[in-house]
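All remarks here apply to the structure that follows.
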Amino acid sequence: MRRSSVLVVLTVLAGLLAGVSPAVAVTQPFFWGVATSGYQAEGSAPDSNWRRYEQAKTSSIKEPYRESVDFRHNYVADIDRAKQLGVNVFRFSVEWARIEPRPGQVDETELAYYDDVVRHVLDAGMRPMITLDHWVYPGWVADQGGWDSDRTVDAWLANARRVVDRYKGLGALWITINEPTVYLQNETANGGLAGWKLPWAQARLVRVHRAAYDLIHQLDPGALVSSNTAYVPAVQGVLDASFLDQVRDKLDFAGLDYYYGASLDNLSAIHAASGEFWKVTPQPDGIYYALRYYARKFPGLPLYVVENGMPTDNGNARPDGYTRSDHLRDHVYWVQRAKADGMNVIGYNYWSLTDNYEWGSYQPRFGLYTVDAATDPSLTRRPTDAVTAYRQLIDGHGVPAGYTPVRPPGFCSVVDGLGSCLDPARYPGPLAPLG
């Protein structure tokens with residue numbers, strides 16, 4: 001998970017449009033979920049591209065990794081925390097660097113750990129949402145060139161086959177690659193990939209997603225497969241050309257991550273480019289326009305908010321008084337508005353269950369449960385006000401009728417370019433229950 005428009009211009013160069021038809025719509029009950037990722041939360045980090053970036057103190061690194069929030073040894077309690085929320089989806093990644101530390105050498109102890117994670121998720125009545133690649137690959141893959149090498153494609157697919165074959169038939173939702181465009185932006189920013197090689201690396205990500213989609217449907221028939229994209233206001237159509245447009249026939253739902261909006265009276269998203277995410281003024285109505293953009297772009301394709309959340313500065317209260325529970329309710333309100341207006345929204349995940357290592361810093365805090373990873377040796381999970389709010393939202397299938405968002409719509413939203421300004425959502429308007 002990362003929200004940044006850094007290096008967007010370079011990424012756009014990777015766009016190679018493909019004319020393909022949208023996937024067939026899938027009808028499912030509503031998915032309420034929480035999310036996490038391996039490197040960001042697990043601790044006990046093995047050799048990987050990101051472990052090396054952290055040790056080399058590259059441009060993204062503001063503080064040491066330490067043990068993150070040590071999900072690796074606290075997963076039983078964390079999964080139970082998710083269960084108590086009432087969610088029915090638990091998203092996590094199976095870290096390639098952990099299970100294949102050297103070429104062809106599989107660490108059975110680490111596979112057993114993931115087996116137990118999956119077992120606890122299922123026992124808690126949740127479906128696993130398994131991410132195959134959340135921006136992290138083994139150090140030996142970095143040594144052979146990372147995404148600058150065709151060898152990575154073959155090795156990546158071999159690992160994908162290993163993971164999918166192990167967890168097939170369990171009702172898992174599959175995410176192939178987390179935020180592909182931002183993935184490679186961070187690779188170039190940290191020295192893992194030369195900027196001028198972006199088009200070729202982007203093409204390799206397209207290849208592995210397309211192949212993985214077919215592989216998953218071969219091994220795990222009936223599973224839902226996608227890749228989640230980071231939604232960047234006003235320019236998403238250009239960014240989609242580099243990946244999503246080229247895999248649109250290999251998606252069972254459109255997965256989007258929405259964090260920041262933009263409007264003529266709110267241009268604060270610029271702070272995301274410098275990593276000061278907590279300075280961005282949230283714009284909940286933007287999630288409606290992001291969903292509408294994909295509903296129009298991919299008619300008939302279900303929509304899933306794979307990530308949405310609000311960062312705070314080291315867990316401190318926002319100066320404007322806007323709370324995590326306000327943010328959560330306001331965004332769910334606009335998801336319900338989208339549903340009421342005919343958009344086939346099938347799921348919503350909150351990012352994240354706990355605070356974690358935000359790719360170089362513990363300062364941005366997104367967790368439902370806050371953790372002082374840098375100062376608290378016990379890594380105590382402390383509930384925020386959003387824990388109760390999320391439980392109530394799930395129990396009530398969304399916000400109640402008559403709810404008024406704490407944050408009103410922005411003036412002339414540009415989340416979907418001028419389209420979201422010239423064709424604004426009715427406000428207030430009807431709501432549809434979720435689930």
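Residues in the structure tokens are numbered from 1 in each chain, the chains being A, B, ... in the order shown, and ligands are numbered from 1 in the order shown.
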Near range 45-58 of chain A, within 6 Å and counting only C-alpha atoms, which residues show up once chain neighbours fewer than 4 positions away are dropped, as a PDB file with N, CA, C and O atoms, in the first residue's frame?
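Okay, this is what ended up in around25.pdb:
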ATOM      1  N   ALA A  97       9.681 -13.825  -0.679  1.00  0.00           N
ATOM      2  CA  ALA A  97      11.016 -13.797  -0.080  1.00  0.00           C
ATOM      3  C   ALA A  97      11.104 -14.674   1.160  1.00  0.00           C
ATOM      4  O   ALA A  97      12.177 -15.183   1.501  1.00  0.00           O
ATOM      5  N   ARG A  98       9.991 -14.874   1.829  1.00  0.00           N
ATOM      6  CA  ARG A  98       9.972 -15.680   3.046  1.00  0.00           C
ATOM      7  C   ARG A  98       9.950 -17.177   2.732  1.00  0.00           C
ATOM      8  O   ARG A  98      10.612 -17.975   3.408  1.00  0.00           O
ATOM      9  N   TYR A 137      10.077  -8.902  -3.386  1.00  0.00           N
ATOM     10  CA  TYR A 137      10.585 -10.126  -3.996  1.00  0.00           C
ATOM     11  C   TYR A 137      11.921 -10.495  -3.346  1.00  0.00           C
ATOM     12  O   TYR A 137      12.575  -9.654  -2.720  1.00  0.00           O
ATOM     13  N   PRO A 138      12.337 -11.754  -3.461  1.00  0.00           N
ATOM     14  CA  PRO A 138      13.546 -12.205  -2.757  1.00  0.00           C
ATOM     15  C   PRO A 138      14.805 -11.471  -3.214  1.00  0.00           C
ATOM     16  O   PRO A 138      14.900 -10.985  -4.348  1.00  0.00           O
ATOM     17  N   GLY A 139      15.788 -11.442  -2.317  1.00  0.00           N
ATOM     18  CA  GLY A 139      17.056 -10.817  -2.658  1.00  0.00           C
ATOM     19  C   GLY A 139      17.713 -11.452  -3.865  1.00  0.00           C
ATOM     20  O   GLY A 139      18.345 -10.759  -4.673  1.00  0.00           O
ATOM     21  N   ASN A 190      13.865   3.848  -5.567  1.00  0.00           N
ATOM     22  CA  ASN A 190      14.806   3.229  -4.631  1.00  0.00           C
ATOM     23  C   ASN A 190      15.976   2.546  -5.312  1.00  0.00           C
ATOM     24  O   ASN A 190      16.789   1.894  -4.647  1.00  0.00           O
TER      25      ASN A 190
END
Name all residues at most 10 Å from Asp78 in chain A (count only C-alpha atoms; drop same-chain ones fewer than 3 positions away) and give them as a PyMOL selection string.
chain A and resi 71+73-75+81-84+353-354+369+381
For the selection you just gave me, I'd like the residues written to a file as a PDB file, in the first residue's frame, keeping N, CA, C and O atoms.
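That gives us out_34.pdb:
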ATOM      1  N   PHE A  71       3.489  -9.150  13.133  1.00  0.00           N
ATOM      2  CA  PHE A  71       2.347 -10.010  12.816  1.00  0.00           C
ATOM      3  C   PHE A  71       2.776 -11.475  12.746  1.00  0.00           C
ATOM      4  O   PHE A  71       1.992 -12.377  13.068  1.00  0.00           O
ATOM      5  N   HIS A  73       4.372 -13.204  14.688  1.00  0.00           N
ATOM      6  CA  HIS A  73       4.204 -13.897  15.962  1.00  0.00           C
ATOM      7  C   HIS A  73       2.959 -13.448  16.726  1.00  0.00           C
ATOM      8  O   HIS A  73       2.765 -13.854  17.884  1.00  0.00           O
ATOM      9  N   ASN A  74       2.131 -12.611  16.109  1.00  0.00           N
ATOM     10  CA  ASN A  74       0.903 -12.127  16.746  1.00  0.00           C
ATOM     11  C   ASN A  74      -0.331 -12.357  15.883  1.00  0.00           C
ATOM     12  O   ASN A  74      -1.390 -11.786  16.169  1.00  0.00           O
ATOM     13  N   TYR A  75      -0.192 -13.197  14.850  1.00  0.00           N
ATOM     14  CA  TYR A  75      -1.282 -13.327  13.893  1.00  0.00           C
ATOM     15  C   TYR A  75      -2.539 -13.945  14.491  1.00  0.00           C
ATOM     16  O   TYR A  75      -3.659 -13.605  14.082  1.00  0.00           O
ATOM     17  N   ARG A  81      -8.925 -10.306  16.385  1.00  0.00           N
ATOM     18  CA  ARG A  81      -9.402  -8.917  16.400  1.00  0.00           C
ATOM     19  C   ARG A  81     -10.269  -8.632  15.164  1.00  0.00           C
ATOM     20  O   ARG A  81     -11.306  -7.968  15.245  1.00  0.00           O
ATOM     21  N   ALA A  82      -9.841  -9.135  14.029  1.00  0.00           N
ATOM     22  CA  ALA A  82     -10.635  -8.961  12.808  1.00  0.00           C
ATOM     23  C   ALA A  82     -11.979  -9.671  12.939  1.00  0.00           C
ATOM     24  O   ALA A  82     -13.026  -9.136  12.539  1.00  0.00           O
ATOM     25  N   LYS A  83     -11.945 -10.869  13.492  1.00  0.00           N
ATOM     26  CA  LYS A  83     -13.198 -11.614  13.684  1.00  0.00           C
ATOM     27  C   LYS A  83     -14.175 -10.825  14.546  1.00  0.00           C
ATOM     28  O   LYS A  83     -15.382 -10.782  14.240  1.00  0.00           O
ATOM     29  N   GLN A  84     -13.679 -10.189  15.605  1.00  0.00           N
ATOM     30  CA  GLN A  84     -14.556  -9.447  16.508  1.00  0.00           C
ATOM     31  C   GLN A  84     -15.175  -8.224  15.835  1.00  0.00           C
ATOM     32  O   GLN A  84     -16.223  -7.736  16.270  1.00  0.00           O
ATOM     33  N   LEU A 353      -5.662  -3.192   9.379  1.00  0.00           N
ATOM     34  CA  LEU A 353      -6.068  -3.698  10.689  1.00  0.00           C
ATOM     35  C   LEU A 353      -5.256  -3.041  11.793  1.00  0.00           C
ATOM     36  O   LEU A 353      -5.801  -2.568  12.793  1.00  0.00           O
ATOM     37  N   THR A 354      -3.941  -3.007  11.632  1.00  0.00           N
ATOM     38  CA  THR A 354      -3.065  -2.346  12.604  1.00  0.00           C
ATOM     39  C   THR A 354      -2.170  -1.355  11.863  1.00  0.00           C
ATOM     40  O   THR A 354      -1.990  -1.441  10.644  1.00  0.00           O
ATOM     41  N   TYR A 369      -6.326  -0.483  14.802  1.00  0.00           N
ATOM     42  CA  TYR A 369      -5.605  -0.620  16.064  1.00  0.00           C
ATOM     43  C   TYR A 369      -4.263   0.068  15.899  1.00  0.00           C
ATOM     44  O   TYR A 369      -3.525  -0.213  14.955  1.00  0.00           O
ATOM     45  N   ARG A 381      -1.443  -3.500  20.805  1.00  0.00           N
ATOM     46  CA  ARG A 381      -2.492  -3.054  19.896  1.00  0.00           C
ATOM     47  C   ARG A 381      -3.535  -2.284  20.710  1.00  0.00           C
ATOM     48  O   ARG A 381      -4.145  -2.856  21.614  1.00  0.00           O
TER      49      ARG A 381
END
DSSP on the backbone: which residues in range 243-395 of chain A end up as strand (DSSP E)? Give the answer as a list in words.
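Output for range 243-395 of chain A, strand (DSSP E) only: Ala254, Gly255, Leu256, Asp257, Leu303, Tyr304, Val305, Val306, Glu307, Thr312, Asp313, Val345, Ile346, Gly347, Tyr348, Asn349, Tyr350, Trp351, Pro364, Arg365, Tyr369, Thr370, Arg382 and Pro383 of chain A.
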If I take CA of Asp133 in chain A and CA of Tyr258 in chain A, how far is one from the other in Å, to one decimal?
19.2 Å
Excluding range 175-182 of chain A and its own-chain neighbours fewer than 2 positions away, which residues fall within 9 Å of it when counting only C-alpha atoms? Please give them as a PyMOL selection string.
chain A and resi 1-8+11+93+129-135+160+173+184-187+202+205-206+208-209+212-213+224-230+239-240+242-244+255-257
The selected residues should be written to file as an mmCIF file, in the first residue's frame (atoms: C-alpha atoms).
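Dumped to again_11.cif:
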data_model
loop_
_atom_site.group_PDB
_atom_site.id
_atom_site.type_symbol
_atom_site.label_atom_id
_atom_site.label_comp_id
_atom_site.auth_asym_id
_atom_site.auth_seq_id
_atom_site.Cartn_x
_atom_site.Cartn_y
_atom_site.Cartn_z
ATOM 1 C CA MET A 1 0.000 0.000 0.000
ATOM 2 C CA ARG A 2 1.348 3.331 -1.034
ATOM 3 C CA ARG A 3 -0.286 6.451 -2.329
ATOM 4 C CA SER A 4 1.882 8.724 -4.394
ATOM 5 C CA SER A 5 1.924 10.338 -7.803
ATOM 6 C CA VAL A 6 5.721 10.480 -7.872
ATOM 7 C CA LEU A 7 7.174 9.511 -11.266
ATOM 8 C CA VAL A 8 3.744 9.465 -12.908
ATOM 9 C CA THR A 11 4.994 5.539 -15.686
ATOM 10 C CA SER A 93 0.158 -11.389 1.337
ATOM 11 C CA MET A 129 -7.887 -12.482 0.239
ATOM 12 C CA ILE A 130 -4.383 -13.535 -0.753
ATOM 13 C CA THR A 131 -2.008 -11.111 -2.440
ATOM 14 C CA LEU A 132 0.708 -12.862 -4.406
ATOM 15 C CA ASP A 133 2.936 -9.784 -4.782
ATOM 16 C CA HIS A 134 2.776 -6.786 -2.443
ATOM 17 C CA TRP A 135 5.911 -5.078 -3.859
ATOM 18 C CA ALA A 160 2.454 -18.260 -7.836
ATOM 19 C CA LEU A 173 -10.060 -14.151 -3.299
ATOM 20 C CA LEU A 184 7.368 0.261 -10.233
ATOM 21 C CA GLN A 185 7.439 3.932 -9.249
ATOM 22 C CA ASN A 186 8.917 2.823 -5.928
ATOM 23 C CA GLU A 187 11.334 0.466 -7.653
ATOM 24 C CA GLN A 202 5.508 -2.747 -16.903
ATOM 25 C CA LEU A 205 3.882 -7.180 -14.843
ATOM 26 C CA VAL A 206 1.152 -7.378 -17.478
ATOM 27 C CA VAL A 208 2.583 -12.253 -15.099
ATOM 28 C CA HIS A 209 -0.914 -11.021 -14.257
ATOM 29 C CA ALA A 212 -1.506 -15.859 -13.205
ATOM 30 C CA TYR A 213 -5.178 -15.181 -13.937
ATOM 31 C CA LEU A 224 -12.322 -14.353 -8.037
ATOM 32 C CA VAL A 225 -9.075 -12.837 -9.333
ATOM 33 C CA SER A 226 -7.975 -9.227 -9.802
ATOM 34 C CA SER A 227 -5.214 -6.670 -9.293
ATOM 35 C CA ASN A 228 -5.896 -3.567 -7.220
ATOM 36 C CA THR A 229 -4.995 -0.175 -8.626
ATOM 37 C CA ALA A 230 -4.096 2.999 -6.720
ATOM 38 C CA LEU A 239 -2.297 5.570 -15.680
ATOM 39 C CA ASP A 240 -4.671 2.721 -16.564
ATOM 40 C CA SER A 242 0.071 1.154 -18.511
ATOM 41 C CA PHE A 243 -1.574 -1.850 -16.869
ATOM 42 C CA LEU A 244 -5.297 -2.147 -16.232
ATOM 43 C CA GLY A 255 -10.161 -3.565 -7.495
ATOM 44 C CA LEU A 256 -9.373 0.013 -6.519
ATOM 45 C CA ASP A 257 -7.562 1.687 -3.650
#
Residues within 10 Å of Val345 in chain A, only C-alpha atoms, excluding chain neighbours under 3 positions, as a list in words:
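Counting only the stated atoms, we get Thr27, Gln28, Pro29, Phe30, Phe31, Phe253, Ala254, Leu291, Ala295, Leu301, Pro302, Leu303, Tyr304, Val305, Val335, Gln336, Ala338, Lys339, Ala340, Gly342, Tyr348 and Leu434 of chain A.
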Quick one: DSSP alpha helix (DSSP H) residues in range 137-238 of chain A, as a ChimeraX atom specification?
/A:139-143,150-167,180-189,198-219,236-238
Nearest to Gly419 in chain A: which of A:Arg162, A:Arg292, A:His397, A:Arg324 is it, counting only C-alpha atoms?
A:Arg292
Distance in Å - CA of Asp143 in chain A versus CA of Trp96 in chain A:
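Atom-to-atom, CA of Asp143 in chain A to CA of Trp96 in chain A, that is 14.9 Å.
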Residue with smallest distance to Arg66 in chain A - pool A:Ala155, A:Leu379, A:Ala272, A:Cys412, counting only C-alpha atoms:
A:Leu379
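Picture a line from CA of Val69 in chain A to CA of Leu170 in chain A; it runs 27.3 Å.
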Considering only C-alpha atoms, can you say which of A:Gly145, A:His217, A:Leu251, A:Val414 comes closest to Asn266 in chain A?
A:Val414
Using only C-alpha atoms, which residues sit within 9 Å of range 117-128 of chain A once same-chain residues fewer than 4 positions away are excluded, as an mmCIF file with N, CA and C atoms, in the first residue's frame?
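What follows is the written file out.cif:
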data_model
loop_
_atom_site.group_PDB
_atom_site.id
_atom_site.type_symbol
_atom_site.label_atom_id
_atom_site.label_comp_id
_atom_site.auth_asym_id
_atom_site.auth_seq_id
_atom_site.Cartn_x
_atom_site.Cartn_y
_atom_site.Cartn_z
ATOM 1 N N GLY A 33 -14.074 -6.234 4.730
ATOM 2 C CA GLY A 33 -12.767 -6.787 5.040
ATOM 3 C C GLY A 33 -11.825 -5.826 5.733
ATOM 4 N N TYR A 75 -0.192 -13.197 14.850
ATOM 5 C CA TYR A 75 -1.282 -13.327 13.893
ATOM 6 C C TYR A 75 -2.539 -13.945 14.491
ATOM 7 N N VAL A 76 -2.389 -14.835 15.446
ATOM 8 C CA VAL A 76 -3.580 -15.466 16.031
ATOM 9 C C VAL A 76 -4.462 -14.408 16.692
ATOM 10 N N ILE A 79 -5.892 -11.891 13.976
ATOM 11 C CA ILE A 79 -7.002 -12.469 13.226
ATOM 12 C C ILE A 79 -8.261 -12.499 14.093
ATOM 13 N N ASP A 80 -8.095 -12.767 15.383
ATOM 14 C CA ASP A 80 -9.253 -12.730 16.281
ATOM 15 C C ASP A 80 -9.810 -11.313 16.399
ATOM 16 N N ALA A 82 -9.841 -9.135 14.029
ATOM 17 C CA ALA A 82 -10.635 -8.961 12.808
ATOM 18 C C ALA A 82 -11.979 -9.671 12.939
ATOM 19 N N LYS A 83 -11.945 -10.869 13.492
ATOM 20 C CA LYS A 83 -13.198 -11.614 13.684
ATOM 21 C C LYS A 83 -14.175 -10.825 14.546
ATOM 22 N N GLY A 86 -16.382 -8.394 12.870
ATOM 23 C CA GLY A 86 -17.476 -8.922 12.064
ATOM 24 C C GLY A 86 -17.173 -8.981 10.590
ATOM 25 N N VAL A 87 -15.917 -8.720 10.191
ATOM 26 C CA VAL A 87 -15.579 -8.769 8.767
ATOM 27 C C VAL A 87 -15.625 -10.210 8.266
ATOM 28 N N ASN A 88 -15.845 -10.373 6.973
ATOM 29 C CA ASN A 88 -15.851 -11.707 6.383
ATOM 30 C C ASN A 88 -14.710 -11.916 5.383
ATOM 31 N N VAL A 89 -13.790 -10.937 5.290
ATOM 32 C CA VAL A 89 -12.606 -11.055 4.435
ATOM 33 C C VAL A 89 -11.389 -10.567 5.208
ATOM 34 N N PHE A 90 -10.297 -11.331 5.115
ATOM 35 C CA PHE A 90 -9.033 -10.932 5.727
ATOM 36 C C PHE A 90 -7.972 -10.961 4.636
ATOM 37 N N ARG A 91 -7.467 -9.774 4.282
ATOM 38 C CA ARG A 91 -6.471 -9.691 3.221
ATOM 39 C C ARG A 91 -5.058 -9.693 3.805
ATOM 40 N N PHE A 92 -4.181 -10.498 3.211
ATOM 41 C CA PHE A 92 -2.781 -10.553 3.590
ATOM 42 C C PHE A 92 -1.997 -11.005 2.373
ATOM 43 N N ALA A 112 4.436 -23.446 6.591
ATOM 44 C CA ALA A 112 3.552 -23.888 7.677
ATOM 45 C C ALA A 112 2.953 -22.695 8.417
ATOM 46 N N TYR A 113 3.735 -21.630 8.538
ATOM 47 C CA TYR A 113 3.201 -20.401 9.145
ATOM 48 C C TYR A 113 2.023 -19.878 8.331
ATOM 49 N N TYR A 167 -3.352 -23.353 -1.645
ATOM 50 C CA TYR A 167 -4.533 -22.774 -1.000
ATOM 51 C C TYR A 167 -5.768 -22.756 -1.913
ATOM 52 N N LEU A 170 -10.356 -23.175 -1.142
ATOM 53 C CA LEU A 170 -10.698 -22.667 0.183
ATOM 54 C C LEU A 170 -11.543 -21.399 0.123
ATOM 55 N N GLY A 171 -11.994 -21.042 -1.074
ATOM 56 C CA GLY A 171 -12.807 -19.840 -1.229
ATOM 57 C C GLY A 171 -12.014 -18.557 -1.218
ATOM 58 N N ALA A 172 -10.708 -18.638 -1.473
ATOM 59 C CA ALA A 172 -9.863 -17.439 -1.431
ATOM 60 C C ALA A 172 -10.212 -16.488 -2.565
ATOM 61 N N LEU A 173 -10.082 -15.194 -2.280
ATOM 62 C CA LEU A 173 -10.060 -14.151 -3.299
ATOM 63 C C LEU A 173 -8.581 -13.889 -3.589
ATOM 64 N N TRP A 174 -8.240 -13.706 -4.863
ATOM 65 C CA TRP A 174 -6.834 -13.603 -5.237
ATOM 66 C C TRP A 174 -6.519 -12.224 -5.812
#
Using only C-alpha atoms for the distances, tell me which of A:Ala203, A:Val232, A:Leu431, A:Met343 is nearest to Pro400 in chain A.
A:Leu431
Select, from A:Ser361, A:Asn344, A:Ser149, A:Gln105, the residue with the minimum atom-to-atom distance to Asp313 in chain A, counting only C-alpha atoms.
A:Ser361
If we count only C-alpha atoms and set the cut-off at 9 Å, which residues sit around Ser68 in chain A, ignoring sequence neighbours fewer than 6 positions away in its own chain? Please answer as a ChimeraX atom specification.
/A:39-45,355-357,362,373-374,379
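Restricting the calculation to only C-alpha atoms, the smallest distance between Pro221 in chain A and any of A:Leu111, A:Val106, A:Ala201, A:Val164 is found for A:Val164.
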